[in-house]
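Below is one structure, written out as structure tokens, with a few remarks after it.
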Amino acid sequence: MSSSNYPFVIGSALIKSRYRLLAFFFSLISGQLAGQSILSSPLAKVYSVAQLRSDFQLMRRAMEEAHPGLYRYHPRDSVSRWFDATEARLSHPMTELQFRRVVEPTIDRIGCGHTDLYGSKAYVKYRKTHPLRPFPVDVFVLDDKLYVRENRSTDTTVRRGAELMAINGRPAGTLLKQFYKYISSDGYNQTFKPYVLNTGLFSSYYMLAIGLDSTAQQLTLRDSTGAVRTLTFRTRPDKIKAGADSVEKRVIPASKPRKPKPRKPDPKEDAAVRTLTFSERDSSVAVLKVGSFTGGGQRSFFRRSFRAIAKRKTVTNLVVDVRGNLGGNSGTSAKLVSYLVDKPFQAYTQVDANVRQVSFNRHLGWKFWRFWIRNFFTHRTPEGTFRRAGVTKLINPTGNNGFRGKVFVLTNGGTFSAASIFTSLVKHNAANRVTVVGRETGGGEYGCNAFTSPYMTLPETGVQLRLPLYKIVLAIPGTDKGHGVMPDVPVPYTASAILSAQDLDIEKVYELLNN
């Protein structure tokens, strides 16, 4: 498959681009971070009702015209009612953050993990130089409960693994439901949302949804003995630092297209994203870790890896670990599939845009890239959509060093976009040899909306809307029920397993091999 047919991305530059500038520190929505610098900052600027509604109406018109999956999971009349209700709530002057707080839950309801709002450039610039303090404890989400992963507070009696039951009197379950309204995901999927919170963004979403009242927080905790305490915490000075919690929102690649630049291999960089290891416990097992489908050198990495596997005559079982892989180049993900199947396969039945040229072009980014694609790499279908050239052709198995043994694919809620597409295609095209182990993928089993996802700047507030332009439908049997790829072998985790860094998924693979 030519990489030119799948030029850039399906979702991948979202957890550094869609960690999306979480502009988020809706801290000020309730409002009191004192100081003259704040009063004159983008956080304090108030927009009139006319400005807010003008931006929202433009956003709505753009989505109704060009969003290819606006009605993928919900009927048109339902979506229209959501838009009407949201506009009605823009009934008084608001700051940028308050505007986003009103609009983002409606974006989430659509069911597209590649569609979201970003802060204005002025807001993001301000937050980079004026970060908010991190939460007094770092937490993780498990089964709709919160647990302490790290104690950042001045109270040394708080232990890792304690259950965080409430924050300032708000129950943890209620908070999570509120946070999830600000995290868009594909269809009805719910594994992606806790995954995002677990990447270190809990405090960001707390500030986005609730606002930060002070640097001290009242937390209700239950320890391992069952004792419940409510304490007031402050963050330790040595734990106060500007990081992801203060600048970014989501960790999903933004998928901004750019011409790949040749680069020399960087062992340190590549090792962090993709590795091949041979098991010391079982000589029949090799583990291929693919942490992302972005970046250069991936196809050469696949060639080297499968050549090395072929030389190891004892290897009959391959583990492909795509947990936390948020996507990237769809051509690369399909190439990996080609190493694992034994017959030609079709990746997509369609990669279609609603329109060739949008009416709101002056507000939408990537103008040259979109011009190039629509004029040279799309054609009109009988249904009136505009399809990317070459996407429906058959892809042949890779002849040299293709792997034909058993394959175990490890997945979780962070398996998104191109990584979810990989999982779905390999599962459906080599079902007799592939076993998916772990948890439901964060990306849709039957496709998503992406391929080209430019940013639209709303002229009044400067808020940016990430707007995918192509509807991607995978060539697999069945109907889209709005969920990710379900594991053949589900693996539940416990809080203790997470805190002790146990890899229960790979342990399950060894268990399956020994039975």
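Going by the structure tokens order, chains are called A, B, ..., each with residues numbered from 1, while ligands are numbered from 1 in the order shown.
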For Arg60 of chain A, work out the shell of residues within 8 Å, counting only C-alpha atoms and skipping chain neighbours fewer than 4 positions away, then give it as a list in words.
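The residues satisfying every condition are Phe56, Glu64 and Phe83 of chain A.
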Considering only C-alpha atoms, return as a PyMOL selection string whatever protein or nucleic-acid residues lie within 10 Å of segment 333-343 of chain A, sequence-local ones (same chain, fewer than 3 positions apart) excluded.
chain A and resi 1-3+6+290+292-294+298-299+302-303+306+318+320+327-330+346-347+394-407+417-431+433-434
Using DSSP assignments from the backbone, pull out every residue in segment 36-245 of chain A that falls under alpha helix (DSSP H) and give it to me as a ChimeraX atom specification.
/A:36-39,49-66,76-89,96-109,121-129,172-180,192-196,202-209,244-245
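For the pair atom CA of Ser48 of chain A and atom CA of Pro131 of chain A, the separation is 26.8 Å.
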Long-range neighbours of Asn354 of chain A as number ranges by chain, 6 Å cut-off, only C-alpha atoms, 5 positions minimum in chain:
A: 66, 68, 385
